[in-house]
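Source file query-v5.cif; content: mmCIF, C-alpha atoms and all ligand atoms.
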```cif
data_data
loop_
_atom_site.label_atom_id
_atom_site.label_comp_id
_atom_site.auth_asym_id
_atom_site.auth_seq_id
_atom_site.Cartn_x
_atom_site.Cartn_y
_atom_site.Cartn_z
CA MET Y 1 -100.99 7.45 -48.98
CA PRO Y 2 -102.61 9.20 -46.03
CA ASP Y 3 -104.49 6.80 -43.82
CA ARG Y 4 -107.79 8.54 -43.24
CA ARG Y 5 -110.31 6.37 -41.48
CA PRO Y 6 -113.70 6.41 -43.19
CA LEU Y 7 -116.50 8.17 -41.32
CA ILE Y 8 -120.24 7.74 -41.83
CA ALA Y 9 -122.40 10.23 -39.93
CA ALA Y 10 -126.17 10.08 -39.48
CA ASN Y 11 -127.84 13.49 -39.54
CA TRP Y 12 -131.28 12.76 -38.15
CA LYS Y 13 -132.36 16.41 -38.58
CA MET Y 14 -135.67 17.06 -36.73
CA HIS Y 15 -136.58 13.37 -36.49
CA LYS Y 16 -136.87 10.88 -33.65
CA THR Y 17 -138.11 11.25 -30.11
CA ARG Y 18 -136.03 9.79 -27.31
CA ALA Y 19 -138.10 6.60 -27.47
CA GLU Y 20 -137.55 6.30 -31.22
CA ALA Y 21 -133.83 6.96 -30.80
CA GLY Y 22 -133.68 4.16 -28.23
CA GLU Y 23 -135.43 1.77 -30.62
CA PHE Y 24 -132.95 2.65 -33.37
CA LEU Y 25 -130.00 1.92 -31.07
CA ASP Y 26 -131.49 -1.40 -29.91
CA ASP Y 27 -131.56 -2.51 -33.54
CA PHE Y 28 -128.40 -0.83 -34.85
CA LEU Y 29 -125.76 -1.16 -32.15
CA PRO Y 30 -125.52 -4.96 -31.92
CA LYS Y 31 -125.00 -5.14 -35.71
CA ALA Y 32 -122.61 -2.16 -35.89
CA GLY Y 33 -120.33 -3.79 -33.33
CA GLY Y 34 -118.79 -5.89 -36.09
CA LEU Y 35 -117.70 -2.91 -38.20
CA ALA Y 36 -114.08 -2.35 -37.20
CA GLY Y 37 -112.90 -0.32 -40.17
CA VAL Y 38 -115.25 2.66 -40.16
CA ASP Y 39 -116.03 5.44 -37.70
CA ILE Y 40 -119.77 5.89 -37.18
CA ALA Y 41 -121.40 9.00 -35.71
CA ILE Y 42 -125.03 9.72 -34.92
CA CYS Y 43 -126.28 13.33 -34.83
CA PRO Y 44 -129.70 13.33 -33.12
CA PRO Y 45 -131.81 16.37 -32.21
CA PHE Y 46 -130.71 18.03 -28.95
CA THR Y 47 -133.53 16.38 -27.03
CA ALA Y 48 -132.24 12.88 -27.86
CA LEU Y 49 -128.53 13.62 -27.39
CA ALA Y 50 -128.41 12.27 -23.84
CA THR Y 51 -130.34 9.16 -24.81
CA VAL Y 52 -128.01 8.43 -27.72
CA SER Y 53 -124.89 9.32 -25.76
CA GLU Y 54 -125.85 6.98 -22.91
CA GLY Y 55 -127.06 4.31 -25.31
CA CYS Y 56 -123.76 4.32 -27.21
CA GLU Y 57 -121.62 3.98 -24.07
CA GLY Y 58 -119.50 0.88 -24.40
CA SER Y 59 -119.79 0.93 -28.19
CA GLU Y 60 -117.51 2.65 -30.71
CA VAL Y 61 -120.37 4.75 -32.09
CA LEU Y 62 -119.79 8.49 -31.72
CA VAL Y 63 -122.39 11.15 -30.95
CA ALA Y 64 -122.56 14.64 -32.42
CA ALA Y 65 -124.95 17.57 -32.24
CA GLN Y 66 -126.54 19.17 -35.31
CA ASN Y 67 -125.67 22.72 -34.30
CA VAL Y 68 -123.74 24.59 -31.61
CA HIS Y 69 -123.31 28.18 -30.47
CA ALA Y 70 -119.93 29.90 -30.45
CA GLU Y 71 -120.12 31.18 -26.86
CA ASP Y 72 -119.74 29.06 -23.72
CA SER Y 73 -122.76 30.67 -22.03
CA GLY Y 74 -124.85 33.81 -22.10
CA ALA Y 75 -128.16 35.37 -23.04
CA PHE Y 76 -128.72 33.34 -26.21
CA THR Y 77 -132.23 31.92 -25.89
CA GLY Y 78 -132.66 28.58 -27.59
CA GLU Y 79 -128.95 27.94 -28.12
CA VAL Y 80 -126.63 25.21 -26.81
CA SER Y 81 -122.92 25.77 -26.10
CA PRO Y 82 -119.82 23.65 -26.79
CA PRO Y 83 -119.18 22.83 -23.10
CA MET Y 84 -122.80 21.68 -22.74
CA LEU Y 85 -122.24 19.24 -25.59
CA VAL Y 86 -118.98 18.01 -24.09
CA GLU Y 87 -120.73 17.37 -20.78
CA ILE Y 88 -123.37 15.24 -22.47
CA GLY Y 89 -120.71 13.06 -24.07
CA ALA Y 90 -120.70 14.50 -27.58
CA TRP Y 91 -117.68 13.89 -29.80
CA GLY Y 92 -118.54 16.59 -32.32
CA ALA Y 93 -121.10 18.94 -33.84
CA ILE Y 94 -122.34 19.66 -37.34
CA VAL Y 95 -121.60 23.29 -38.14
CA GLY Y 96 -123.08 25.26 -41.01
CA HIS Y 97 -125.43 22.66 -42.45
CA SER Y 98 -127.13 24.12 -45.52
CA GLU Y 99 -130.48 24.07 -43.71
CA ARG Y 100 -128.91 26.24 -41.00
CA ARG Y 101 -127.49 28.55 -43.65
CA HIS Y 102 -130.52 28.77 -45.93
CA VAL Y 103 -133.50 28.23 -43.60
CA PHE Y 104 -132.14 29.86 -40.43
CA GLY Y 105 -129.90 32.49 -41.97
CA GLU Y 106 -126.55 31.40 -40.56
CA THR Y 107 -123.73 33.36 -42.14
CA ASP Y 108 -120.07 32.67 -42.79
CA ASP Y 109 -119.32 35.20 -40.02
CA ASP Y 110 -121.30 33.03 -37.58
CA LEU Y 111 -119.45 29.95 -38.75
CA ALA Y 112 -116.05 31.62 -38.51
CA ARG Y 113 -116.78 31.85 -34.76
CA LYS Y 114 -118.45 28.48 -34.37
CA VAL Y 115 -115.71 26.34 -35.90
CA PRO Y 116 -112.87 27.48 -33.60
CA ALA Y 117 -115.19 27.53 -30.57
CA THR Y 118 -116.17 23.93 -31.26
CA LEU Y 119 -112.56 22.86 -31.69
CA GLY Y 120 -111.54 24.84 -28.62
CA ALA Y 121 -113.96 22.83 -26.49
CA GLY Y 122 -112.43 19.59 -27.73
CA LEU Y 123 -115.25 18.77 -30.14
CA VAL Y 124 -114.83 17.84 -33.79
CA PRO Y 125 -116.68 20.26 -36.08
CA ILE Y 126 -118.32 18.69 -39.13
CA LEU Y 127 -118.31 21.79 -41.32
CA CYS Y 128 -120.80 21.64 -44.21
CA VAL Y 129 -120.19 23.46 -47.47
CA GLY Y 130 -121.89 23.29 -50.84
CA GLU Y 131 -123.52 25.20 -53.64
CA THR Y 132 -127.18 25.70 -54.55
CA GLU Y 133 -128.57 24.52 -57.86
CA ALA Y 134 -128.55 28.07 -59.25
CA GLU Y 135 -124.92 28.50 -58.23
CA ARG Y 136 -123.94 25.21 -59.93
CA ASP Y 137 -125.88 26.12 -63.06
CA ALA Y 138 -124.08 29.46 -63.14
CA GLY Y 139 -120.71 27.68 -62.97
CA ARG Y 140 -120.03 29.11 -59.52
CA THR Y 141 -119.57 25.88 -57.52
CA GLU Y 142 -115.85 26.35 -56.85
CA GLU Y 143 -116.22 30.05 -56.08
CA VAL Y 144 -118.94 29.31 -53.49
CA VAL Y 145 -117.13 26.40 -51.85
CA ARG Y 146 -113.90 28.42 -51.70
CA ARG Y 147 -115.68 31.40 -50.16
CA GLN Y 148 -117.32 29.21 -47.51
CA LEU Y 149 -114.12 27.36 -46.63
CA GLU Y 150 -111.89 30.42 -46.50
CA ALA Y 151 -114.37 32.37 -44.38
CA ASP Y 152 -115.43 29.56 -42.05
CA LEU Y 153 -111.88 28.33 -41.40
CA ALA Y 154 -110.28 31.77 -41.15
CA SER Y 155 -109.76 31.61 -37.39
CA VAL Y 156 -108.73 27.96 -37.14
CA PRO Y 157 -105.03 27.51 -36.33
CA PRO Y 158 -103.44 25.63 -39.29
CA ASP Y 159 -102.17 22.86 -37.00
CA ALA Y 160 -105.77 22.16 -35.90
CA LEU Y 161 -107.21 22.05 -39.42
CA GLY Y 162 -106.44 18.38 -39.99
CA GLY Y 163 -108.66 17.43 -37.05
CA ILE Y 164 -111.87 18.80 -38.46
CA VAL Y 165 -114.31 17.04 -40.76
CA ILE Y 166 -115.69 18.78 -43.84
CA ALA Y 167 -118.88 17.63 -45.54
CA TYR Y 168 -119.41 18.66 -49.16
CA GLU Y 169 -123.18 18.70 -49.56
CA PRO Y 170 -124.52 20.19 -52.78
CA VAL Y 171 -127.80 21.82 -51.70
CA TRP Y 172 -129.62 20.52 -54.80
CA ALA Y 173 -128.84 16.93 -53.78
CA ILE Y 174 -130.15 17.17 -50.21
CA GLY Y 175 -133.42 15.34 -49.64
CA THR Y 176 -134.21 15.46 -53.35
CA GLY Y 177 -133.20 11.96 -54.39
CA ARG Y 178 -130.80 13.64 -56.85
CA THR Y 179 -127.32 12.44 -56.01
CA ALA Y 180 -124.24 14.15 -57.38
CA THR Y 181 -122.56 11.97 -59.97
CA VAL Y 182 -119.37 10.27 -58.97
CA GLU Y 183 -117.50 12.81 -61.13
CA GLN Y 184 -119.27 15.84 -59.60
CA ALA Y 185 -118.68 14.61 -56.04
CA GLY Y 186 -115.08 13.62 -56.74
CA GLU Y 187 -114.26 16.95 -58.38
CA ALA Y 188 -115.83 19.08 -55.66
CA ILE Y 189 -114.15 17.10 -52.92
CA ALA Y 190 -110.75 17.29 -54.63
CA PHE Y 191 -111.29 21.03 -54.95
CA THR Y 192 -112.24 21.26 -51.26
CA ARG Y 193 -109.04 19.44 -50.30
CA SER Y 194 -106.99 21.73 -52.52
CA VAL Y 195 -108.40 24.81 -50.78
CA VAL Y 196 -107.46 23.33 -47.39
CA GLY Y 197 -104.04 22.59 -48.92
CA GLU Y 198 -103.55 26.26 -49.74
CA ILE Y 199 -103.86 26.94 -46.01
CA ASP Y 200 -101.81 23.95 -44.83
CA ALA Y 201 -100.50 21.08 -46.97
CA GLY Y 202 -100.35 18.60 -44.08
CA ALA Y 203 -103.91 19.39 -43.04
CA ALA Y 204 -105.14 18.69 -46.56
CA GLN Y 205 -103.83 15.14 -46.28
CA ALA Y 206 -105.27 14.63 -42.79
CA VAL Y 207 -108.69 16.27 -43.04
CA ARG Y 208 -111.60 13.93 -43.66
CA ILE Y 209 -113.99 15.12 -46.35
CA LEU Y 210 -117.42 13.53 -46.59
CA TYR Y 211 -120.03 13.63 -49.32
CA GLY Y 212 -123.66 14.32 -48.40
CA GLY Y 213 -126.83 14.46 -50.48
CA SER Y 214 -129.24 11.56 -51.06
CA VAL Y 215 -126.73 8.88 -50.05
CA LYS Y 216 -128.54 5.51 -49.96
CA PRO Y 217 -127.44 1.88 -49.69
CA ALA Y 218 -127.85 1.63 -53.48
CA ASN Y 219 -125.36 4.40 -54.31
CA ALA Y 220 -123.05 4.34 -51.28
CA SER Y 221 -120.43 1.92 -52.59
CA GLU Y 222 -120.02 3.75 -55.87
CA LEU Y 223 -119.72 7.19 -54.24
CA LEU Y 224 -117.53 6.08 -51.40
CA MET Y 225 -115.04 4.32 -53.64
CA VAL Y 226 -114.11 7.65 -55.22
CA GLU Y 227 -110.55 8.69 -54.43
CA GLY Y 228 -110.56 11.39 -51.76
CA ILE Y 229 -114.11 10.80 -50.46
CA ASP Y 230 -113.66 9.72 -46.85
CA GLY Y 231 -117.27 8.92 -46.00
CA ALA Y 232 -120.77 10.33 -45.98
CA LEU Y 233 -123.14 12.56 -44.07
CA VAL Y 234 -126.47 10.80 -44.44
CA GLY Y 235 -129.90 12.34 -43.88
CA GLY Y 236 -133.04 10.41 -44.81
CA ALA Y 237 -131.43 6.99 -45.15
CA SER Y 238 -129.90 7.26 -41.68
CA LEU Y 239 -133.32 7.13 -40.00
CA ASP Y 240 -133.68 3.43 -40.72
CA PRO Y 241 -131.17 1.25 -38.86
CA GLY Y 242 -130.98 -1.31 -41.66
CA GLU Y 243 -130.35 1.28 -44.37
CA PHE Y 244 -127.81 3.14 -42.27
CA LEU Y 245 -126.02 -0.10 -41.44
CA ALA Y 246 -125.83 -0.99 -45.13
CA ILE Y 247 -124.16 2.37 -45.87
CA CYS Y 248 -121.67 1.82 -43.04
CA GLU Y 249 -120.94 -1.66 -44.36
CA ALA Y 250 -120.27 -0.23 -47.82
CA VAL Y 251 -117.17 1.58 -46.53
CA ASP Y 252 -116.07 -0.74 -43.74
CA ARG Y 253 -112.46 -1.68 -44.33
CA GLY Y 254 -112.61 -4.42 -41.73
CA PRO Y 255 -110.12 -4.90 -38.90
CA THR Y 256 -106.70 -3.35 -39.51
P1 LIG Y 301 -130.36 13.45 -47.42
O1 LIG Y 301 -129.42 12.27 -47.26
O2 LIG Y 301 -131.71 13.23 -46.86
O3 LIG Y 301 -130.33 13.96 -48.83
O4 LIG Y 301 -129.73 14.62 -46.51
C1 LIG Y 301 -128.40 14.95 -46.65
C2 LIG Y 301 -128.01 15.86 -45.56
O5 LIG Y 301 -128.44 17.00 -45.52
C3 LIG Y 301 -127.12 15.35 -44.53
O6 LIG Y 301 -126.66 16.35 -43.70
#
```

How does the structure come out when it is put into structure tokens?
Ligand code: 13P
Amino acid sequence: MPDRRPLIAANWKMHKTRAEAGEFLDDFLPKAGGLAGVDIAICPPFTALATVSEGCEGSEVLVAAQNVHAEDSGAFTGEVSPPMLVEIGAWGAIVGHSERRHVFGETDDDLARKVPATLGAGLVPILCVGETEAERDAGRTEEVVRRQLEADLASVPPDALGGIVIAYEPVWAIGTGRTATVEQAGEAIAFTRSVVGEIDAGAAQAVRILYGGSVKPANASELLMVEGIDGALVGGASLDPGEFLAICEAVDRGPT
């Protein structure tokens, strides 16, 4: 059995000032220190990245951005580059979140550049894929997830594929309170792993695949016990330190 360490990532989206981020850490970090069997990452807005990065120094909690540009520098107003994130102490960056795709018009072509650029800078990309409600209803879930994965990973060297994180986030389950059933999440994640396996069999065993979409303390254990689900990307419930801690505790394997 591959030994993939569980990962729970907090996507704060456009929430929390620096002061609020500091308050979260004051509450969360002392309690999270006891969780030895789960990787934890916090993805704050850009403005709070330095606060969270400095606040997490000396803890095991990782810091990731919510977006990143593919170029190192240039005339790209409003964008932030991979080396800038490295300098601030980031471990990774979310790439291709459905809100980036659907609200801000990010395309698979953009992501095909962002994923290798992120990896090239030494950051872990958390690549998000997932179908809309209309696509699921039309029976197109696998077609959509395959298209996204094949396009977005096209320029990643196969030997680097195992080091990325993929988050399967059905768009209809994000922020809606509608969670995918255990069967739906398990099937889509097994399919995601099989597509990675078509590119590189070893990478399919190594790559961590998260579920995202209305994960809460009440449903975390059930979802995260599913074979092949290596953790969660958590939106709303990650804003509260107690709720986020409870989700982390649900997958903590304890000291190894
Ligand atoms: P919610 O947990 O609020 O549904 O958000 C999920 C998400 O988009 C995480 O990236």

Closest atom pairs, chain Y residues within 8 Å of ligand LIG 301 (chain Y), all atoms listed in the file, as a tab-separated table:
```
residue	atom	partner	partner_atom	distance
Y:Ala10	CA	Y:LIG301	C3	7.4
Y:Asn11	CA	Y:LIG301	O6	5.2
Y:Lys13	CA	Y:LIG301	O6	7.7
Y:His97	CA	Y:LIG301	O6	6.5
Y:Ser98	CA	Y:LIG301	O5	7.2
Y:Glu99	CA	Y:LIG301	O5	7.6
Y:Cys128	CA	Y:LIG301	O6	7.9
Y:Glu169	CA	Y:LIG301	O5	6.8
Y:Val171	CA	Y:LIG301	O5	7.9
Y:Ala173	CA	Y:LIG301	O3	6.0
Y:Ile174	CA	Y:LIG301	O3	3.5
Y:Gly175	CA	Y:LIG301	O3	3.5
Y:Thr176	CA	Y:LIG301	O3	6.1
Y:Gly177	CA	Y:LIG301	O3	6.6
Y:Thr179	CA	Y:LIG301	O3	7.9
Y:Gly212	CA	Y:LIG301	C1	5.1
Y:Gly213	CA	Y:LIG301	O3	3.9
Y:Ser214	CA	Y:LIG301	O3	3.5
Y:Val215	CA	Y:LIG301	O1	5.1
Y:Lys216	CA	Y:LIG301	O1	7.3
Y:Leu233	CA	Y:LIG301	C3	4.9
Y:Val234	CA	Y:LIG301	O1	4.3
Y:Gly235	CA	Y:LIG301	O1	3.4
Y:Gly236	CA	Y:LIG301	O2	3.7
Y:Ala237	CA	Y:LIG301	O1	6.0
Y:Ser238	CA	Y:LIG301	O1	7.5
```

Store the residues picked out above, limited to C-alpha atoms, as a CSV table (one decimal), keeping the file's coordinate frame.
```csv
chain,number,residue,atom,x,y,z
Y,10,ALA,CA,-126.2,10.1,-39.5
Y,11,ASN,CA,-127.8,13.5,-39.5
Y,13,LYS,CA,-132.4,16.4,-38.6
Y,97,HIS,CA,-125.4,22.7,-42.4
Y,98,SER,CA,-127.1,24.1,-45.5
Y,99,GLU,CA,-130.5,24.1,-43.7
Y,128,CYS,CA,-120.8,21.6,-44.2
Y,169,GLU,CA,-123.2,18.7,-49.6
Y,171,VAL,CA,-127.8,21.8,-51.7
Y,173,ALA,CA,-128.8,16.9,-53.8
Y,174,ILE,CA,-130.2,17.2,-50.2
Y,175,GLY,CA,-133.4,15.3,-49.6
Y,176,THR,CA,-134.2,15.5,-53.4
Y,177,GLY,CA,-133.2,12.0,-54.4
Y,179,THR,CA,-127.3,12.4,-56.0
Y,212,GLY,CA,-123.7,14.3,-48.4
Y,213,GLY,CA,-126.8,14.5,-50.5
Y,214,SER,CA,-129.2,11.6,-51.1
Y,215,VAL,CA,-126.7,8.9,-50.0
Y,216,LYS,CA,-128.5,5.5,-50.0
Y,233,LEU,CA,-123.1,12.6,-44.1
Y,234,VAL,CA,-126.5,10.8,-44.4
Y,235,GLY,CA,-129.9,12.3,-43.9
Y,236,GLY,CA,-133.0,10.4,-44.8
Y,237,ALA,CA,-131.4,7.0,-45.2
Y,238,SER,CA,-129.9,7.3,-41.7
```

Surrounding residues of Gln66 of chain Y excluding itself and chain neighbours under 3 positions, 6 Å, all atoms listed in the file, as a ChimeraX atom specification
/Y:43,93-94

Counting only C-alpha atoms, what is within 10 Å of Leu29 of chain Y, bar same-chain residues fewer than 2 positions away, as number ranges by chain?
Y: 24-27, 31-34, 55-56, 59-61, 241, 245

Measuring between all atoms listed in the file, which one of Y:Gln184, Y:Thr107, Y:Asn67, Y:Thr47 shows the shortest distance to Gly92 of chain Y?
Y:Asn67

Mind checking which residues fall within 9 Å of Val226 of chain Y, counting all atoms listed in the file, ignoring those fewer than 4 positions away in the same chain, and posting them as a list of chain:residue names?
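Listed by chain and then number, they are Y:Val182, Y:Glu183, Y:Ala185, Y:Gly186, Y:Ser221, Y:Glu222, Y:Asp230.
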
List as a list in words the residues having at least one atom at most 10 Å from position (-117.6, 29.3, -36.2) as given in the file, counting all atoms listed in the file.
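With a cut-off of 10 Å, the residues come to Val68, His69, Ala70, Glu71, Val95, Gly96, Thr107, Asp108, Asp109, Asp110, Leu111, Ala112, Arg113, Lys114, Val115, Pro116, Ala117, Thr118, Leu119, Pro125, Leu127, Ala151, Asp152, Leu153, Ala154, Ser155 and Val156 of chain Y.
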
I'd like the interatomic distance between atom CA of Ala188 of chain Y and atom CA of Tyr168 of chain Y, to a tenth of an Å.
7.4 Å

Which residues are close to Glu133 of chain Y, i.e. within 10 Å by all atoms listed in the file, leaving aside same-chain residues fewer than 4 positions away? Reply as a ChimeraX atom specification.
/Y:137-141,170-173

Given the selection you just returned, output its residues as a file containing C-alpha atoms, formatted as an mmCIF file, keeping the file's coordinate frame.
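The result, stored in selection.cif:
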```cif
data_model
loop_
_atom_site.group_PDB
_atom_site.id
_atom_site.type_symbol
_atom_site.label_atom_id
_atom_site.label_comp_id
_atom_site.auth_asym_id
_atom_site.auth_seq_id
_atom_site.Cartn_x
_atom_site.Cartn_y
_atom_site.Cartn_z
ATOM 1 C CA ASP Y 137 -125.880 26.120 -63.060
ATOM 2 C CA ALA Y 138 -124.080 29.460 -63.140
ATOM 3 C CA GLY Y 139 -120.710 27.680 -62.970
ATOM 4 C CA ARG Y 140 -120.030 29.110 -59.520
ATOM 5 C CA THR Y 141 -119.570 25.880 -57.520
ATOM 6 C CA PRO Y 170 -124.520 20.190 -52.780
ATOM 7 C CA VAL Y 171 -127.800 21.820 -51.700
ATOM 8 C CA TRP Y 172 -129.620 20.520 -54.800
ATOM 9 C CA ALA Y 173 -128.840 16.930 -53.780
#
```
